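K.L.:
Okay, so here is protein_2.tsv, and as you'll see once you scroll down, it has TSV, C-alpha atoms.
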```
chain	number	residue	atom	x	y	z
Z	896	MET	CA	14.00	-14.01	-16.06
Z	897	ASN	CA	15.82	-11.78	-18.54
Z	898	TRP	CA	12.75	-9.58	-19.13
Z	899	LEU	CA	12.51	-8.95	-15.39
Z	900	PHE	CA	16.10	-7.79	-15.14
Z	901	ARG	CA	15.69	-5.60	-18.20
Z	902	TYR	CA	12.86	-3.67	-16.49
Z	903	ALA	CA	14.51	-3.87	-13.08
Z	904	ASN	CA	17.32	-1.72	-14.43
Z	905	PRO	CA	16.88	1.74	-12.75
Z	906	HIS	CA	17.22	3.63	-16.06
Z	907	ASN	CA	14.58	1.44	-17.76
Z	908	PHE	CA	12.35	1.58	-14.70
Z	909	MET	CA	12.42	5.41	-14.69
Z	910	ARG	CA	11.55	5.51	-18.39
Z	911	LEU	CA	8.79	2.89	-18.22
Z	912	SER	CA	7.21	4.16	-14.99
Z	913	GLY	CA	7.24	7.71	-16.36
Z	914	VAL	CA	5.03	6.51	-19.23
Z	915	VAL	CA	2.73	4.32	-17.09
Z	916	LEU	CA	2.21	6.69	-14.12
Z	917	PRO	CA	-0.26	9.17	-15.69
Z	918	PHE	CA	-2.48	6.28	-16.80
Z	919	THR	CA	-2.51	4.53	-13.41
Z	920	ALA	CA	-3.19	7.86	-11.67
Z	921	LEU	CA	-6.09	8.65	-14.02
Z	922	ALA	CA	-7.50	5.11	-13.72
Z	923	THR	CA	-7.31	5.39	-9.91
Z	924	VAL	CA	-9.36	8.62	-9.91
Z	925	LEU	CA	-11.95	7.25	-12.35
Z	926	LEU	CA	-12.38	3.94	-10.48
Z	927	LEU	CA	-12.62	5.77	-7.14
Z	928	ALA	CA	-15.29	8.13	-8.50
Z	929	LEU	CA	-17.33	5.32	-10.05
Z	930	GLY	CA	-16.96	3.02	-7.05
Z	931	LEU	CA	-18.05	5.77	-4.63
Z	932	TYR	CA	-21.00	6.73	-6.83
Z	933	LEU	CA	-22.25	3.14	-7.10
Z	934	GLY	CA	-21.57	2.55	-3.41
Z	935	PHE	CA	-23.50	5.58	-2.20
Z	936	THR	CA	-26.43	4.92	-4.56
Z	937	ALA	CA	-26.70	1.23	-3.52
Z	938	PRO	CA	-29.70	0.39	-1.31
Z	939	PRO	CA	-29.16	-0.19	2.43
Z	940	ASP	CA	-28.26	-3.78	3.35
Z	941	TYR	CA	-31.18	-5.68	4.93
Z	942	GLN	CA	-29.08	-6.48	8.04
Z	943	GLN	CA	-26.42	-3.75	8.21
Z	944	GLY	CA	-28.36	-0.80	6.86
Z	945	ARG	CA	-26.18	2.08	5.65
Z	946	THR	CA	-23.13	0.86	7.58
Z	947	VAL	CA	-22.52	-1.44	4.60
Z	948	LEU	CA	-20.92	1.69	3.06
Z	949	ILE	CA	-17.91	1.15	5.34
Z	950	MET	CA	-17.24	-2.13	3.51
Z	951	PHE	CA	-16.35	-0.14	0.35
Z	952	ILE	CA	-13.36	1.46	2.09
Z	953	HIS	CA	-12.47	-1.12	4.74
Z	954	VAL	CA	-12.07	-4.16	2.46
Z	955	PRO	CA	-10.04	-2.28	-0.22
Z	956	ALA	CA	-7.68	-0.91	2.46
Z	957	ALA	CA	-7.15	-4.44	3.81
Z	958	VAL	CA	-6.57	-5.84	0.30
Z	959	ALA	CA	-4.08	-3.05	-0.51
Z	960	ALA	CA	-2.25	-3.73	2.78
Z	961	GLU	CA	-1.86	-7.43	1.92
Z	962	LEU	CA	-0.96	-6.62	-1.69
Z	963	ALA	CA	1.80	-4.30	-0.47
Z	964	TYR	CA	3.18	-7.00	1.82
Z	965	GLY	CA	3.04	-9.52	-1.04
Z	966	ALA	CA	5.03	-7.06	-3.17
Z	967	ILE	CA	7.62	-6.69	-0.41
Z	968	ALA	CA	7.89	-10.48	-0.06
Z	969	VAL	CA	8.38	-11.02	-3.82
Z	970	CYS	CA	10.98	-8.21	-4.04
Z	971	SER	CA	12.74	-9.62	-0.97
Z	972	LEU	CA	12.91	-13.06	-2.57
Z	973	LEU	CA	14.34	-11.54	-5.77
Z	974	SER	CA	16.83	-9.60	-3.69
Z	975	LEU	CA	18.00	-12.62	-1.69
Z	976	VAL	CA	18.27	-14.92	-4.70
Z	977	TRP	CA	19.61	-12.54	-7.39
Z	978	ARG	CA	20.95	-9.70	-5.20
Z	979	HIS	CA	19.35	-7.09	-7.44
Z	980	PRO	CA	19.63	-3.65	-5.76
Z	981	LEU	CA	16.39	-2.32	-7.28
Z	982	SER	CA	14.49	-5.13	-5.54
Z	983	ASP	CA	15.65	-3.81	-2.16
Z	984	THR	CA	14.72	-0.26	-3.15
Z	985	ALA	CA	11.27	-1.41	-4.31
Z	986	ALA	CA	10.65	-3.48	-1.17
Z	987	ARG	CA	11.69	-0.64	1.13
Z	988	ALA	CA	9.54	1.88	-0.77
Z	989	ALA	CA	6.41	-0.28	-0.39
Z	990	ALA	CA	6.65	-0.60	3.41
Z	991	PRO	CA	5.36	2.82	4.59
Z	992	LEU	CA	2.51	2.65	2.07
Z	993	GLY	CA	1.56	-0.84	3.22
Z	994	ALA	CA	1.69	0.24	6.87
Z	995	ILE	CA	-0.66	3.15	6.16
Z	996	PHE	CA	-3.17	0.90	4.35
Z	997	THR	CA	-2.97	-1.58	7.25
Z	998	ALA	CA	-3.65	1.15	9.83
Z	999	LEU	CA	-6.53	2.40	7.69
Z	1000	GLY	CA	-7.95	-1.13	7.47
Z	1001	LEU	CA	-7.74	-1.52	11.25
Z	1002	VAL	CA	-9.37	1.83	12.05
Z	1003	THR	CA	-12.18	1.56	9.49
Z	1004	GLY	CA	-12.74	-2.02	10.67
Z	1005	ALA	CA	-13.08	-0.80	14.25
Z	1006	LEU	CA	-15.54	1.90	13.15
Z	1007	TRP	CA	-17.56	-0.79	11.34
Z	1008	GLY	CA	-17.30	-3.20	14.26
Z	1009	LYS	CA	-18.80	-0.88	16.88
Z	1010	PRO	CA	-22.28	-0.49	15.31
Z	1011	MET	CA	-22.35	-4.12	14.04
Z	1012	TRP	CA	-20.74	-6.12	16.87
Z	1013	GLY	CA	-21.12	-3.63	19.71
Z	1014	THR	CA	-17.37	-3.33	20.14
Z	1015	TYR	CA	-14.47	-1.59	18.39
Z	1016	TRP	CA	-12.07	-4.47	18.95
Z	1017	VAL	CA	-12.02	-8.16	19.77
Z	1018	TRP	CA	-8.99	-10.45	19.91
Z	1019	ASP	CA	-10.23	-12.85	17.23
Z	1020	ALA	CA	-7.96	-14.54	14.69
Z	1021	ARG	CA	-8.65	-12.20	11.74
Z	1022	LEU	CA	-8.26	-8.96	13.68
Z	1023	THR	CA	-5.22	-10.17	15.61
Z	1024	SER	CA	-3.40	-11.50	12.53
Z	1025	PHE	CA	-4.12	-8.21	10.75
Z	1026	LEU	CA	-2.74	-6.25	13.72
Z	1027	LEU	CA	0.34	-8.49	13.47
Z	1028	LEU	CA	0.70	-7.30	9.86
Z	1029	LEU	CA	1.01	-3.72	11.13
Z	1030	PHE	CA	3.71	-4.82	13.60
Z	1031	LEU	CA	5.52	-6.64	10.78
Z	1032	TYR	CA	5.54	-3.45	8.71
Z	1033	MET	CA	6.83	-1.44	11.67
Z	1034	GLY	CA	9.51	-4.02	12.42
Z	1035	TYR	CA	10.55	-4.13	8.75
Z	1036	MET	CA	10.94	-0.34	8.58
Z	1037	ALA	CA	12.71	-0.22	11.94
Z	1038	LEU	CA	15.18	-2.89	10.79
Z	1039	TRP	CA	16.06	-0.91	7.65
Z	1040	ASN	CA	16.74	2.17	9.78
Z	1041	ALA	CA	18.60	0.32	12.52
Z	1042	ILE	CA	21.41	-1.10	10.36
Z	1043	GLU	CA	23.77	1.46	8.85
Z	1044	ASP	CA	25.28	-0.75	6.15
Z	1045	GLU	CA	22.66	-0.83	3.37
Z	1046	THR	CA	23.60	-4.28	2.06
Z	1047	ARG	CA	23.31	-5.86	5.49
Z	1048	ALA	CA	20.11	-3.95	6.24
Z	1049	ALA	CA	18.58	-5.11	2.95
Z	1050	ARG	CA	19.45	-8.75	3.65
Z	1051	ALA	CA	18.10	-8.69	7.23
Z	1052	ALA	CA	14.93	-6.89	6.17
Z	1053	ALA	CA	14.39	-9.33	3.29
Z	1054	ILE	CA	14.64	-12.31	5.64
Z	1055	LEU	CA	12.18	-10.69	8.06
Z	1056	ALA	CA	9.79	-9.94	5.17
Z	1057	LEU	CA	9.89	-13.55	3.94
Z	1058	VAL	CA	9.34	-14.98	7.43
Z	1059	GLY	CA	6.47	-12.53	7.96
Z	1060	ALA	CA	4.88	-13.56	4.65
Z	1061	VAL	CA	3.52	-16.62	6.50
Z	1062	ASN	CA	1.04	-14.21	8.08
Z	1063	ILE	CA	-0.66	-13.42	4.75
Z	1064	PRO	CA	-2.36	-16.83	4.28
Z	1065	ILE	CA	-3.12	-16.82	8.02
Z	1066	ILE	CA	-5.02	-13.52	7.60
Z	1067	LYS	CA	-6.82	-14.87	4.55
Z	1068	PHE	CA	-7.89	-18.23	6.00
Z	1069	SER	CA	-8.24	-17.21	9.67
Z	1070	VAL	CA	-12.02	-16.91	9.25
Z	1071	GLU	CA	-12.16	-20.54	8.07
Z	1072	TRP	CA	-9.58	-22.08	10.40
Z	1073	TRP	CA	-10.92	-20.53	13.61
Z	1074	SER	CA	-14.29	-19.44	14.92
Z	1075	THR	CA	-14.16	-15.66	14.58
Z	1076	LEU	CA	-16.49	-12.74	15.17
Z	1077	HIS	CA	-15.28	-11.37	11.84
Z	1078	GLN	CA	-17.49	-12.47	8.95
Z	1079	GLY	CA	-16.31	-15.20	6.60
Z	1080	GLU	CA	-15.27	-14.99	2.96
Z	1081	SER	CA	-17.94	-13.12	1.00
Z	1082	ILE	CA	-16.41	-11.95	-2.31
Z	1083	MET	CA	-15.41	-15.33	-3.77
Z	1084	SER	CA	-18.26	-17.24	-2.10
Z	1085	GLY	CA	-20.85	-15.46	-4.25
Z	1086	LYS	CA	-22.85	-14.41	-1.17
Z	1087	LEU	CA	-22.56	-10.73	-1.98
Z	1088	ALA	CA	-25.35	-9.21	-4.12
Z	1089	PRO	CA	-24.12	-7.62	-7.39
Z	1090	VAL	CA	-25.36	-4.23	-6.23
Z	1091	PHE	CA	-22.70	-4.37	-3.46
Z	1092	LEU	CA	-20.14	-6.53	-5.25
Z	1093	THR	CA	-19.69	-4.17	-8.22
Z	1094	PRO	CA	-18.77	-1.03	-6.20
Z	1095	LEU	CA	-16.65	-3.18	-3.88
Z	1096	LEU	CA	-14.60	-4.60	-6.78
Z	1097	LEU	CA	-14.25	-1.11	-8.28
Z	1098	MET	CA	-13.00	0.27	-4.96
Z	1099	ILE	CA	-10.59	-2.66	-4.49
Z	1100	SER	CA	-9.20	-1.98	-7.99
Z	1101	ALA	CA	-8.93	1.75	-7.19
Z	1102	TYR	CA	-7.03	1.16	-3.93
Z	1103	ALA	CA	-4.75	-1.40	-5.62
Z	1104	LEU	CA	-4.00	1.07	-8.42
Z	1105	LEU	CA	-3.45	3.87	-5.90
Z	1106	PHE	CA	-0.92	1.67	-4.13
Z	1107	ALA	CA	0.77	0.83	-7.47
Z	1108	THR	CA	0.92	4.52	-8.45
Z	1109	LEU	CA	2.32	5.70	-5.13
Z	1110	TRP	CA	4.75	2.77	-5.03
Z	1111	MET	CA	6.15	3.69	-8.45
Z	1112	VAL	CA	6.59	7.32	-7.34
Z	1113	ALA	CA	8.29	6.15	-4.14
Z	1114	ILE	CA	10.71	3.89	-6.09
Z	1115	ARG	CA	11.48	6.75	-8.51
Z	1116	THR	CA	12.14	9.00	-5.50
Z	1117	ALA	CA	14.54	6.44	-4.01
Z	1118	ILE	CA	16.41	6.16	-7.34
Z	1119	VAL	CA	16.78	9.96	-7.61
Z	1120	GLU	CA	17.92	10.15	-3.97
Z	1121	ARG	CA	20.55	7.49	-4.66
Z	1122	ARG	CA	21.82	9.46	-7.65
Z	1123	ALA	CA	22.04	12.59	-5.48
Z	1124	ARG	CA	23.88	10.64	-2.78
Z	1125	ASN	CA	26.34	9.26	-5.32
Z	1126	LEU	CA	26.98	12.77	-6.65
Z	1127	MET	CA	27.58	14.08	-3.14
Z	1128	GLN	CA	30.05	11.28	-2.41
Z	1129	GLY	CA	31.75	11.68	-5.78
Z	1130	GLY	CA	32.01	15.45	-5.48
Z	1131	ALA	CA	33.32	15.42	-1.87
A	1016	MET	CA	-28.14	9.22	-0.41
A	1017	PHE	CA	-26.18	11.07	2.30
A	1018	ASP	CA	-28.51	10.43	5.24
A	1019	MET	CA	-26.79	7.81	7.40
A	1020	GLY	CA	-29.27	7.88	10.27
A	1021	GLU	CA	-27.97	6.87	13.68
A	1022	PHE	CA	-24.72	5.49	12.20
A	1023	GLY	CA	-23.54	8.78	10.69
A	1024	PHE	CA	-20.61	9.09	13.10
A	1025	TYR	CA	-19.16	5.68	12.13
A	1026	ILE	CA	-19.79	5.99	8.38
A	1027	TRP	CA	-18.67	9.59	7.94
A	1028	GLY	CA	-15.85	9.02	10.42
A	1029	SER	CA	-14.54	6.12	8.29
A	1030	TYR	CA	-14.86	8.05	5.04
A	1031	GLY	CA	-13.38	11.25	6.48
A	1032	LEU	CA	-10.43	9.43	7.97
A	1033	SER	CA	-9.82	7.49	4.74
A	1034	ALA	CA	-10.01	10.66	2.62
A	1035	VAL	CA	-7.59	12.57	4.87
A	1036	THR	CA	-5.17	9.63	5.11
A	1037	LEU	CA	-5.13	8.84	1.39
A	1038	ALA	CA	-4.81	12.52	0.42
A	1039	GLY	CA	-2.05	12.88	3.03
A	1040	VAL	CA	-0.05	9.86	1.84
A	1041	THR	CA	-0.40	11.03	-1.79
A	1042	LEU	CA	0.85	14.54	-0.96
A	1043	TRP	CA	3.65	13.14	1.22
A	1044	THR	CA	4.81	10.82	-1.60
A	1045	LEU	CA	4.72	13.64	-4.16
A	1046	ALA	CA	6.53	16.00	-1.77
A	1047	GLY	CA	9.29	13.40	-1.39
A	1048	TRP	CA	9.61	13.12	-5.18
A	1049	ARG	CA	9.84	16.90	-5.59
A	1050	ALA	CA	12.39	17.24	-2.76
A	1051	ALA	CA	14.58	14.49	-4.24
A	1052	ASN	CA	14.51	16.14	-7.67
A	1053	ARG	CA	15.34	19.56	-6.21
A	1054	LYS	CA	18.30	18.00	-4.39
A	1055	LEU	CA	19.55	16.29	-7.54
A	1056	SER	CA	19.14	19.46	-9.62
A	1057	ALA	CA	21.14	21.43	-7.08
A	1058	LEU	CA	23.95	18.87	-7.15
A	1059	GLU	CA	24.16	18.16	-10.88
A	1060	PRO	CA	25.85	21.41	-11.97
A	1061	ARG	CA	28.57	20.67	-9.37
A	1062	ALA	CA	29.10	17.09	-10.53
A	1063	PRO	CA	32.63	16.42	-11.83
A	1064	ARG	CA	32.73	16.28	-15.62
A	1065	LYS	CA	34.78	13.83	-17.61
A	1066	GLU	CA	37.78	15.52	-19.17
A	1067	THR	CA	38.35	14.85	-22.83
A	1068	LYS	CA	41.87	14.84	-24.25
A	1069	THR	CA	42.24	16.89	-27.36
```
Would you write out, as structure tokens, the structure that this file holds?
P.N.:
Amino acid sequence: MNWLFRYANPHNFMRLSGVVLPFTALATVLLLALGLYLGFTAPPDYQQGRTVLIMFIHVPAAVAAELAYGAIAVCSLLSLVWRHPLSDTAARAAAPLGAIFTALGLVTGALWGKPMWGTYWVWDARLTSFLLLLFLYMGYMALWNAIEDETRAARAAAILALVGAVNIPIIKFSVEWWSTLHQGESIMSGKLAPVFLTPLLLMISAYALLFATLWMVAIRTAIVERRARNLMQGGA
Amino acid sequence: MFDMGEFGFYIWGSYGLSAVTLAGVTLWTLAGWRAANRKLSALEPRAPRKETKT
């Protein structure tokens, strides 16, 4: 675990992320451009027609939302076990980004659902568990803001994040465990034609990298804000 | 390539909303970074310096 703590040091994190950030930002733009180009030049799906284009932004948003929650859960575990302050900062910084990706996944899903299912929303297991993810994000952020003492807030938020992590496998396997209107697993099952799979994987990578880039900036912001706060308290 | 037929509202609506949201969250994150740095820069000259005994 020593390597983790070495990079979890705020000074080392600022140095390392400063080097990595331009590359992740550039890779995000390139992957987005390529994914969109291949997506828009793909032929219409034999069942869905051109609405298949929504898949290239809906699925990546949902993956990024779950990735962000996974990041929060891992940081929360590190925080509870090793009490490392950067873990709390990292977990807190990921929450608004994850909430935005979740909301985007829900809205684009609704806009895909209307022409395909005839309805924007249905209370099936996948959609409901994904809506629950949005509530978990909101609750997590509200908890951080509700408790004044940062150490106590971090501990309470970390516990909530770990309890809520149960929802991630539920989202993933909901289409197998219950009969849902939402379609089943298509990426890993090999049912998706390469002409759709390639742009989809590129867009998923782009969204994941966008999340990683914005997350690093958000953590750097929180570190700088903490330094400013310490200076204000020290200079008072 | 850009003709979406009868589903234009749903497809362009999804893409438009995603573009605006992702651009917005990127700008918001960068604005936060700039604001934090401005705040730190304003405070640093006032920070107490360690006195050295000569």
K.L.:
Between atom CA of Z:Lys1067 and atom CA of Z:Ser1024, what is the distance, to one decimal in Å?
P.N.:
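Separation between atom CA of Z:Lys1067 and atom CA of Z:Ser1024: 9.3 Å.
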K.L.:
Taking a cut-off of 7 Å and counting only C-alpha atoms, can you build a table that, for each residue of chain A near chain Z, reports the nearest atom pair and how far apart they are in Å (one decimal), sorted by chain then residue number, as a tab-separated table?
P.N.:
```
residue	atom	partner	partner_atom	distance
A:Met1016	CA	Z:Phe935	CA	6.2
A:Met1019	CA	Z:Arg945	CA	6.0
A:Phe1022	CA	Z:Thr946	CA	6.7
A:Tyr1025	CA	Z:Leu1006	CA	5.3
A:Ile1026	CA	Z:Ile949	CA	6.0
A:Ser1029	CA	Z:Thr1003	CA	5.3
A:Ser1033	CA	Z:Leu999	CA	6.7
A:Thr1041	CA	Z:Leu1109	CA	6.9
A:Thr1044	CA	Z:Ala1113	CA	6.4
A:Gly1047	CA	Z:Thr1116	CA	6.7
A:Trp1048	CA	Z:Thr1116	CA	4.8
A:Ala1051	CA	Z:Glu1120	CA	5.5
A:Asn1052	CA	Z:Val1119	CA	6.6
A:Lys1054	CA	Z:Ala1123	CA	6.7
A:Leu1055	CA	Z:Ala1123	CA	4.9
A:Leu1058	CA	Z:Ala1123	CA	6.8
A:Ala1062	CA	Z:Gly1130	CA	6.1
A:Pro1063	CA	Z:Gly1130	CA	6.5
```
K.L.:
So, with all atoms listed in the file as the atoms that count, which of Z:Met909, Z:Leu972, Z:Ala994, Z:Ala986 lies closest to A:Thr1036?
P.N.:
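Comparing Z:Met909, Z:Leu972, Z:Ala994, Z:Ala986 against A:Thr1036, the winner is Z:Ala994.
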K.L.:
Nearest to Z:Asn904: which of Z:Leu931, Z:Leu981, Z:Ala989, Z:Leu916 is it, counting only C-alpha atoms?
P.N.:
Z:Leu981
K.L.:
Could you tell me how far atom CA of A:Glu1059 sits from atom CA of Z:His906, in Å to one decimal place?
P.N.:
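Distance between the two atoms: 16.9 Å.
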K.L.:
Have a look at Z:Gln1128, Z:Gln942, Z:Thr984, Z:Asn1062 and name the one nearest to Z:Trp1039; count only C-alpha atoms.
P.N.:
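Among the listed residues, Z:Thr984 lies closest to Z:Trp1039.
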K.L.:
By how many Å are atom CA of Z:Trp1073 and atom CA of Z:Ala960 apart?
P.N.:
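Rounded to one decimal, the two atoms are 21.8 Å apart.
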K.L.:
Can you pull out every residue within 10 Å of Z:Leu1038, counting all atoms listed in the file, but drop anything in the same chain fewer than 2 positions away, and send it as a PyMOL selection string?
P.N.:
chain Z and resi 1032-1036+1040-1043+1048-1049+1051-1053+1055
K.L.:
Can you tell me which residues surround Z:Ala922 at a distance of at most 12 Å, considering only C-alpha atoms, apart from same-chain residues fewer than 6 positions away, and format the answer as a PyMOL selection string?
P.N.:
chain Z and resi 915-916+928-930+1097-1098+1100-1105+1107-1108
